[in-house]
file input29.tsv (TSV, C-alpha atoms and all ligand atoms)
chain	number	residue	atom	x	y	z
A	27	MET	CA	-43.86	212.08	69.96
A	28	ILE	CA	-41.52	210.77	67.30
A	29	ILE	CA	-42.77	211.71	63.85
A	30	LYS	CA	-41.86	208.97	61.43
A	31	ASN	CA	-44.09	210.01	58.58
A	32	VAL	CA	-46.83	212.45	57.73
A	33	ASP	CA	-49.28	212.29	54.89
A	34	LEU	CA	-52.03	214.68	53.88
A	35	GLU	CA	-54.40	211.83	53.26
A	36	THR	CA	-57.81	213.45	52.82
A	37	VAL	CA	-58.90	216.93	51.76
A	38	CYS	CA	-62.60	217.68	52.10
A	39	GLY	CA	-64.31	220.54	50.32
A	40	ILE	CA	-67.68	221.87	51.29
A	41	THR	CA	-69.64	219.18	49.49
A	42	SER	CA	-67.21	216.30	50.13
A	43	LYS	CA	-68.15	213.21	52.01
A	44	LEU	CA	-66.22	213.12	55.27
A	45	PRO	CA	-63.91	210.13	55.66
A	46	ASP	CA	-64.92	207.18	57.75
A	47	ASN	CA	-61.53	206.84	59.45
A	48	THR	CA	-60.58	204.02	61.74
A	49	LEU	CA	-57.66	205.78	63.45
A	50	PRO	CA	-58.15	208.39	66.21
A	51	GLU	CA	-58.50	212.04	65.21
A	52	ILE	CA	-57.49	215.25	66.97
A	53	ALA	CA	-58.92	218.45	65.51
A	54	PHE	CA	-57.81	222.09	65.61
A	55	ALA	CA	-60.39	224.85	65.44
A	56	GLY	CA	-60.08	228.60	65.63
A	57	LYS	CA	-60.65	231.83	63.78
A	58	SER	CA	-59.01	232.48	60.49
A	59	ASN	CA	-55.29	233.42	60.75
A	60	VAL	CA	-54.96	232.30	64.39
A	61	GLY	CA	-52.25	229.80	63.45
A	62	LYS	CA	-53.90	226.39	63.08
A	63	SER	CA	-51.91	225.25	60.05
A	64	SER	CA	-48.67	226.65	61.52
A	65	LEU	CA	-49.32	224.72	64.73
A	66	ILE	CA	-49.89	221.51	62.78
A	67	ASN	CA	-46.60	222.04	60.93
A	68	THR	CA	-44.86	222.60	64.26
A	69	LEU	CA	-46.37	219.43	65.71
A	70	MET	CA	-45.28	217.48	62.61
A	71	ASN	CA	-41.78	219.01	62.58
A	72	ARG	CA	-42.42	220.23	59.06
A	73	LYS	CA	-41.76	223.76	57.88
A	74	SER	CA	-44.56	224.14	55.39
A	75	TYR	CA	-46.30	220.85	54.80
A	76	ALA	CA	-49.62	222.37	55.86
A	77	ARG	CA	-50.12	225.49	53.74
A	78	ILE	CA	-50.09	228.71	55.69
A	79	SER	CA	-50.60	232.33	54.75
A	80	ALA	CA	-50.43	235.82	56.17
A	81	THR	CA	-53.80	236.40	54.48
A	82	PRO	CA	-56.72	234.95	56.44
A	83	GLY	CA	-58.83	232.27	54.80
A	84	LYS	CA	-55.95	230.08	53.62
A	85	THR	CA	-57.34	226.71	54.64
A	86	GLN	CA	-60.72	226.29	52.96
A	87	THR	CA	-60.98	222.54	53.28
A	88	ILE	CA	-60.91	220.05	56.14
A	89	ASN	CA	-57.48	218.43	55.94
A	90	PHE	CA	-56.64	215.10	57.53
A	91	TYR	CA	-52.94	214.56	58.21
A	92	ASN	CA	-52.09	210.93	58.85
A	93	ILE	CA	-49.28	210.73	61.41
A	94	ASN	CA	-47.19	207.55	61.56
A	95	GLN	CA	-50.22	205.56	60.36
A	96	GLU	CA	-51.33	205.89	63.98
A	97	PHE	CA	-53.71	208.87	64.15
A	98	TYR	CA	-54.83	212.05	62.38
A	99	LEU	CA	-54.32	215.72	63.01
A	100	VAL	CA	-57.29	217.54	61.49
A	101	ASP	CA	-56.86	221.10	60.20
A	102	LEU	CA	-60.20	222.92	60.09
A	103	PRO	CA	-60.98	226.04	58.06
A	104	GLY	CA	-60.98	229.20	60.13
A	105	TYR	CA	-64.17	231.01	61.05
A	106	GLY	CA	-64.81	234.72	61.08
A	107	TYR	CA	-63.09	235.44	57.79
A	108	ALA	CA	-64.57	238.79	56.83
A	109	LYS	CA	-64.11	238.58	53.07
A	110	VAL	CA	-66.24	235.49	52.70
A	111	SER	CA	-69.96	235.92	51.99
A	112	GLU	CA	-72.49	235.25	54.72
A	113	GLN	CA	-73.77	232.30	52.75
A	114	GLU	CA	-70.29	230.81	52.45
A	115	LYS	CA	-69.69	231.29	56.18
A	116	GLN	CA	-72.90	229.45	56.98
A	117	LYS	CA	-71.97	226.61	54.65
A	118	TRP	CA	-68.62	226.22	56.38
A	119	GLY	CA	-70.17	226.51	59.80
A	120	ARG	CA	-72.44	223.63	58.90
A	121	MET	CA	-69.56	221.58	57.45
A	122	ILE	CA	-67.46	222.03	60.61
A	123	GLU	CA	-70.49	221.16	62.70
A	124	ARG	CA	-71.12	218.10	60.58
A	125	TYR	CA	-67.56	216.95	61.16
A	126	LEU	CA	-67.43	217.66	64.90
A	127	HIS	CA	-70.84	216.14	65.39
A	128	GLY	CA	-70.45	213.17	63.09
A	129	SER	CA	-66.89	211.89	63.42
A	130	LYS	CA	-66.72	208.59	65.23
A	131	GLN	CA	-62.97	208.79	65.78
A	132	LEU	CA	-62.65	212.35	67.09
A	133	ARG	CA	-60.94	212.17	70.47
A	134	ALA	CA	-60.18	215.80	71.22
A	135	VAL	CA	-60.81	219.31	69.96
A	136	PHE	CA	-58.20	221.98	70.50
A	137	LEU	CA	-59.45	225.55	70.23
A	138	LEU	CA	-56.87	228.16	69.23
A	139	ILE	CA	-57.09	231.72	70.52
A	140	ASP	CA	-54.60	234.50	69.71
A	141	ILE	CA	-52.89	235.27	73.02
A	142	ARG	CA	-52.78	238.98	72.16
A	143	HIS	CA	-56.52	239.50	71.94
A	144	ASP	CA	-59.59	238.91	74.06
A	145	PRO	CA	-61.69	236.07	72.65
A	146	SER	CA	-64.33	237.28	70.17
A	147	ALA	CA	-68.03	236.45	70.19
A	148	ASN	CA	-67.28	233.83	67.52
A	149	ASP	CA	-64.58	232.26	69.72
A	150	LYS	CA	-67.02	232.07	72.58
A	151	MET	CA	-69.68	230.58	70.34
A	152	MET	CA	-67.23	227.97	69.07
A	153	TYR	CA	-66.14	227.12	72.59
A	154	ASP	CA	-69.72	226.71	73.81
A	155	TRP	CA	-70.61	224.68	70.77
A	156	ILE	CA	-67.67	222.29	71.24
A	157	VAL	CA	-68.73	221.84	74.87
A	158	SER	CA	-72.32	221.21	73.81
A	159	GLN	CA	-71.06	218.41	71.57
A	160	GLY	CA	-69.65	216.67	74.63
A	161	TYR	CA	-65.98	217.64	74.25
A	162	GLN	CA	-63.86	219.42	76.81
A	163	PRO	CA	-61.83	221.70	74.53
A	164	ILE	CA	-58.17	222.33	75.28
A	165	ILE	CA	-57.29	225.96	74.65
A	166	ILE	CA	-54.11	226.88	72.83
A	167	ALA	CA	-53.10	230.51	73.20
A	168	THR	CA	-51.17	231.11	69.99
A	169	LYS	CA	-48.46	233.57	68.89
A	170	LEU	CA	-46.84	233.64	72.31
A	171	ASP	CA	-43.68	235.07	70.74
A	172	LYS	CA	-45.60	238.26	69.88
A	173	ILE	CA	-46.03	239.37	73.49
A	174	LYS	CA	-43.55	240.26	76.20
A	175	ARG	CA	-42.90	237.52	78.71
A	176	SER	CA	-44.25	239.77	81.44
A	177	GLN	CA	-47.62	239.94	79.65
A	178	LYS	CA	-48.15	236.19	79.46
A	179	ASP	CA	-50.06	235.57	82.70
A	180	LYS	CA	-52.30	238.56	82.17
A	181	GLN	CA	-53.15	237.51	78.62
A	182	VAL	CA	-53.83	233.90	79.61
A	183	LYS	CA	-56.17	235.21	82.27
A	184	ALA	CA	-57.98	237.37	79.72
A	185	VAL	CA	-58.44	234.32	77.48
A	186	ARG	CA	-59.78	232.34	80.44
A	187	GLN	CA	-62.19	235.09	81.41
A	188	GLY	CA	-63.32	235.79	77.86
A	189	LEU	CA	-64.29	232.19	77.27
A	190	GLY	CA	-65.58	231.66	80.80
A	191	LEU	CA	-63.30	228.65	81.35
A	192	SER	CA	-63.60	226.48	84.40
A	193	GLN	CA	-60.53	226.00	86.61
A	194	GLY	CA	-59.94	222.53	85.25
A	195	THR	CA	-59.63	223.63	81.62
A	196	THR	CA	-56.10	223.53	80.23
A	197	VAL	CA	-54.68	226.55	78.44
A	198	ILE	CA	-51.37	225.99	76.66
A	199	PRO	CA	-49.46	229.10	75.55
A	200	PHE	CA	-47.88	228.25	72.21
A	201	SER	CA	-45.62	229.65	69.53
A	202	SER	CA	-44.92	228.20	66.12
A	203	VAL	CA	-41.90	230.49	65.92
A	204	THR	CA	-40.15	229.45	69.13
A	205	LYS	CA	-41.90	226.05	69.38
A	206	GLN	CA	-42.85	226.85	72.98
A	207	GLY	CA	-45.73	224.65	74.07
A	208	ARG	CA	-45.04	221.96	71.49
A	209	ASP	CA	-43.78	219.31	73.91
A	210	GLU	CA	-46.51	220.03	76.43
A	211	LEU	CA	-49.13	219.69	73.73
A	212	TRP	CA	-47.80	216.35	72.49
A	213	GLU	CA	-47.49	215.07	76.04
A	214	LEU	CA	-51.10	215.93	76.77
A	215	ALA	CA	-52.33	214.46	73.48
A	216	GLU	CA	-50.41	211.22	74.00
A	217	LYS	CA	-51.41	210.81	77.60
A	218	GLU	CA	-55.08	211.73	77.31
A	219	TYR	CA	-56.21	210.97	73.80
A	220	LEU	CA	-53.92	208.66	71.87
A	221	ASN	CA	-53.40	205.65	74.03
B	301	LIG	P1	-56.64	229.93	58.07
B	301	LIG	O1	-56.15	228.75	57.31
B	301	LIG	O2	-56.83	231.14	57.24
B	301	LIG	O3	-57.83	229.62	58.92
B	301	LIG	O4	-55.45	230.38	59.09
B	301	LIG	P2	-54.61	229.50	60.11
B	301	LIG	O5	-55.28	229.53	61.44
B	301	LIG	O6	-54.30	228.17	59.54
B	301	LIG	O7	-53.28	230.37	60.26
B	301	LIG	P3	-51.83	230.12	59.61
B	301	LIG	O8	-51.15	228.97	60.26
B	301	LIG	O9	-51.95	230.11	58.12
B	301	LIG	O10	-51.06	231.43	60.12
B	301	LIG	C1	-51.54	232.73	59.81
B	301	LIG	C2	-50.38	233.72	59.93
B	301	LIG	O11	-49.93	233.81	61.28
B	301	LIG	C3	-49.15	233.35	59.10
B	301	LIG	O12	-48.57	234.53	58.61
B	301	LIG	C4	-48.24	232.68	60.11
B	301	LIG	O13	-46.88	232.77	59.78
B	301	LIG	C5	-48.56	233.49	61.38
B	301	LIG	N1	-48.34	232.70	62.61
B	301	LIG	C6	-48.91	231.52	62.92
B	301	LIG	N2	-48.50	231.09	64.14
B	301	LIG	C7	-47.62	232.03	64.60
B	301	LIG	C8	-46.84	232.16	65.80
B	301	LIG	O14	-46.85	231.33	66.72
B	301	LIG	N3	-46.08	233.29	65.92
B	301	LIG	C9	-46.04	234.25	64.95
B	301	LIG	N4	-45.27	235.32	65.16
B	301	LIG	N5	-46.75	234.14	63.80
B	301	LIG	C10	-47.53	233.06	63.63
B	302	MG	MG	-54.93	227.21	57.88
call {"tool": "encode", "arguments": {"input": "input29.tsv", "output": "structure tokens"}}
result
Amino acid sequence: MIIKNVDLETVCGITSKLPDNTLPEIAFAGKSNVGKSSLINTLMNRKSYARISATPGKTQTINFYNINQEFYLVDLPGYGYAKVSEQEKQKWGRMIERYLHGSKQLRAVFLLIDIRHDPSANDKMMYDWIVSQGYQPIIIATKLDKIKRSQKDKQVKAVRQGLGLSQGTTVIPFSSVTKQGRDELWELAEKEYLN
């Protein structure tokens, strides 16, 4: 993918009306701090266009990045952020659901899981929910640079088992630090969802 231009075109807060886009959308879901915004920066070849933070709960809006006037990468707020009230979590859960359920242009949902940890109950719930909406999520196992190379297969297997993935489900190990997985991800997106 050649990135000619990127533009944070729409930012939706909890009460915002979601955009009625005409270009295809690809969305990134995952728990808070898993690396969604970092991944989007990596895909866009930008260092810090999408705001990232070591503190969970950085992205609290749904952000639509227009790429080359051809499609959107959609950065979703993370779930499972402990410091947010139960009421706030529910509101965001509903907003994410509203988007995933309602978008007419959504072509694919990528679910990010930290490669170091077994998927949580929330991860599993998100995975099942995405499936129930008729999508076949692609799993991205993030922060690959944080584990030893020898641990990779074992950790990917743990992610597969934790989510109960079928054989046919793709898991892409990824690192925003080393950019590993970037080309594979773009290739898949271009081939399967953007043509
Ligand atoms: P929320 O917006 O809070 O939902 O988080 P997020 O999923 O967007 O995570 P973000 O991209 O802000 O990254 C969270 C932290 O993890 C930051 O400190 C990043 O620098 C770090 N991080 C993200 N991806 C990687 C990675 O591949 N490797 C390493 N080592 N750190 C990463
Ligand atoms: Mg973020």
call {"tool": "closest_residue", "arguments": {"input": "input29.tsv", "among": "A:Arg186, A:Lys57, A:His143, A:Lys217", "to": "ligand LIG 301 (chain B)", "atoms": "only C-alpha atoms and all ligand atoms"}}
result
A:Lys57
call {"tool": "closest_residue", "arguments": {"input": "input29.tsv", "among": "A:Pro45, A:Val100, A:Leu189, A:Val32", "to": "A:Asn148", "atoms": "only C-alpha atoms"}}
result
A:Leu189
call {"tool": "closest_residue", "arguments": {"input": "input29.tsv", "among": "A:Pro199, A:Pro50, A:Pro163, A:Pro145", "to": "ligand LIG 301 (chain B)", "atoms": "all atoms listed in the file"}}
result
A:Pro199
call {"tool": "residues_near_ligand", "arguments": {"input": "input29.tsv", "ligand": "ligand LIG 301 (chain B)", "cutoff": "9 Å", "atoms": "only C-alpha atoms and all ligand atoms", "output": "number ranges by chain"}}
result
A: 54-67, 76-87, 101-107, 138, 140, 168-172, 200-206
call {"tool": "closest_residue", "arguments": {"input": "input29.tsv", "among": "A:Ser74, A:Ser42, A:Ser146, A:Gln187", "to": "ligand MG 302 (chain B)", "atoms": "only C-alpha atoms and all ligand atoms"}}
result
A:Ser74
call {"tool": "atom_distance", "arguments": {"input": "input29.tsv", "atom1": "atom CA of A:Glu213", "atom2": "atom CA of A:Tyr161"}}
result
18.8 Å
call {"tool": "atom_distance", "arguments": {"input": "input29.tsv", "atom1": "atom CA of A:Met27", "atom2": "atom CA of A:Lys130"}}
result
23.6 Å
call {"tool": "atom_distance", "arguments": {"input": "input29.tsv", "atom1": "atom CA of A:Thr68", "atom2": "atom CA of A:Leu99"}}
result
11.8 Å
call {"tool": "residues_near_point", "arguments": {"input": "input29.tsv", "point": "(-50.0, 206.0, 66.9)", "cutoff": "9 Å", "atoms": "only C-alpha atoms", "output": "PyMOL selection string"}}
result
chain A and resi 49-50+93-98+216+220-221
call {"tool": "residues_near_point", "arguments": {"input": "input29.tsv", "point": "(-68.3, 222.6, 49.4)", "cutoff": "10 Å", "atoms": "all atoms listed in the file", "output": "list in words"}}
result
Cys38, Gly39, Ile40, Thr41, Ser42, Lys43, Gln86, Thr87, Glu114, Lys117, Trp118 and Met121 of chain A
call {"tool": "closest_residue", "arguments": {"input": "input29.tsv", "among": "A:Ala134, A:Ile88, A:Leu191, A:Ile29", "to": "ligand MG 302 (chain B)", "atoms": "all atoms listed in the file"}}
result
A:Ile88
call {"tool": "build_atoms", "arguments": {"input": "input29.tsv", "residues": "stretch 98-132 of chain A", "atoms": "N, CA and C atoms", "output": "CSV table (one decimal), in the frame of the given file"}}
result
chain,number,residue,atom,x,y,z
A,98,TYR,N,-54.7,210.9,63.3
A,98,TYR,CA,-54.8,212.0,62.4
A,98,TYR,C,-54.8,213.4,63.1
A,99,LEU,N,-54.1,214.3,62.6
A,99,LEU,CA,-54.3,215.7,63.0
A,99,LEU,C,-55.2,216.4,62.0
A,100,VAL,N,-56.3,217.0,62.4
A,100,VAL,CA,-57.3,217.5,61.5
A,100,VAL,C,-57.3,219.1,61.5
A,101,ASP,N,-56.9,219.7,60.4
A,101,ASP,CA,-56.9,221.1,60.2
A,101,ASP,C,-58.2,221.6,59.7
A,102,LEU,N,-58.9,222.4,60.5
A,102,LEU,CA,-60.2,222.9,60.1
A,102,LEU,C,-60.1,224.3,59.5
A,103,PRO,N,-61.0,224.7,58.6
A,103,PRO,CA,-61.0,226.0,58.1
A,103,PRO,C,-61.3,227.0,59.2
A,104,GLY,N,-60.7,228.2,59.1
A,104,GLY,CA,-61.0,229.2,60.1
A,104,GLY,C,-62.4,229.8,60.0
A,105,TYR,N,-62.9,230.3,61.1
A,105,TYR,CA,-64.2,231.0,61.0
A,105,TYR,C,-63.9,232.5,61.2
A,106,GLY,N,-64.9,233.3,60.9
A,106,GLY,CA,-64.8,234.7,61.1
A,106,GLY,C,-64.0,235.4,60.0
A,107,TYR,N,-63.9,234.8,58.9
A,107,TYR,CA,-63.1,235.4,57.8
A,107,TYR,C,-64.0,236.4,57.1
A,108,ALA,N,-63.7,237.7,57.2
A,108,ALA,CA,-64.6,238.8,56.8
A,108,ALA,C,-64.9,238.8,55.3
A,109,LYS,N,-63.9,238.4,54.5
A,109,LYS,CA,-64.1,238.6,53.1
A,109,LYS,C,-65.0,237.5,52.4
A,110,VAL,N,-65.4,236.5,53.2
A,110,VAL,CA,-66.2,235.5,52.7
A,110,VAL,C,-67.7,235.9,52.9
A,111,SER,N,-68.5,235.6,51.9
A,111,SER,CA,-70.0,235.9,52.0
A,111,SER,C,-70.6,235.2,53.2
A,112,GLU,N,-71.7,235.8,53.6
A,112,GLU,CA,-72.5,235.2,54.7
A,112,GLU,C,-72.9,233.8,54.4
A,113,GLN,N,-73.3,233.6,53.2
A,113,GLN,CA,-73.8,232.3,52.8
A,113,GLN,C,-72.6,231.3,52.8
A,114,GLU,N,-71.5,231.7,52.4
A,114,GLU,CA,-70.3,230.8,52.4
A,114,GLU,C,-69.9,230.5,53.9
A,115,LYS,N,-70.0,231.5,54.8
A,115,LYS,CA,-69.7,231.3,56.2
A,115,LYS,C,-70.6,230.3,56.8
A,116,GLN,N,-71.9,230.4,56.4
A,116,GLN,CA,-72.9,229.4,57.0
A,116,GLN,C,-72.6,228.0,56.5
A,117,LYS,N,-72.3,227.9,55.2
A,117,LYS,CA,-72.0,226.6,54.6
A,117,LYS,C,-70.8,226.0,55.4
A,118,TRP,N,-69.8,226.8,55.7
A,118,TRP,CA,-68.6,226.2,56.4
A,118,TRP,C,-68.9,225.9,57.8
A,119,GLY,N,-69.7,226.8,58.4
A,119,GLY,CA,-70.2,226.5,59.8
A,119,GLY,C,-70.8,225.1,59.9
A,120,ARG,N,-71.7,224.9,58.9
A,120,ARG,CA,-72.4,223.6,58.9
A,120,ARG,C,-71.5,222.4,58.6
A,121,MET,N,-70.5,222.7,57.8
A,121,MET,CA,-69.6,221.6,57.4
A,121,MET,C,-68.7,221.2,58.7
A,122,ILE,N,-68.3,222.3,59.4
A,122,ILE,CA,-67.5,222.0,60.6
A,122,ILE,C,-68.3,221.3,61.6
A,123,GLU,N,-69.6,221.8,61.8
A,123,GLU,CA,-70.5,221.2,62.7
A,123,GLU,C,-70.7,219.7,62.3
A,124,ARG,N,-70.9,219.5,61.1
A,124,ARG,CA,-71.1,218.1,60.6
A,124,ARG,C,-69.9,217.2,61.0
A,125,TYR,N,-68.7,217.7,60.8
A,125,TYR,CA,-67.6,217.0,61.2
A,125,TYR,C,-67.5,216.7,62.7
A,126,LEU,N,-67.6,217.8,63.4
A,126,LEU,CA,-67.4,217.7,64.9
A,126,LEU,C,-68.5,216.8,65.5
A,127,HIS,N,-69.7,216.9,64.9
A,127,HIS,CA,-70.8,216.1,65.4
A,127,HIS,C,-70.8,214.7,64.9
A,128,GLY,N,-70.3,214.5,63.7
A,128,GLY,CA,-70.4,213.2,63.1
A,128,GLY,C,-69.3,212.2,63.2
A,129,SER,N,-68.1,212.8,63.4
A,129,SER,CA,-66.9,211.9,63.4
A,129,SER,C,-66.9,210.9,64.6
A,130,LYS,N,-66.7,209.6,64.2
A,130,LYS,CA,-66.7,208.6,65.2
A,130,LYS,C,-65.4,208.5,65.9
A,131,GLN,N,-64.3,209.0,65.3
A,131,GLN,CA,-63.0,208.8,65.8
A,131,GLN,C,-62.4,210.0,66.5
A,132,LEU,N,-63.2,211.1,66.5
A,132,LEU,CA,-62.6,212.4,67.1
A,132,LEU,C,-62.5,212.2,68.6
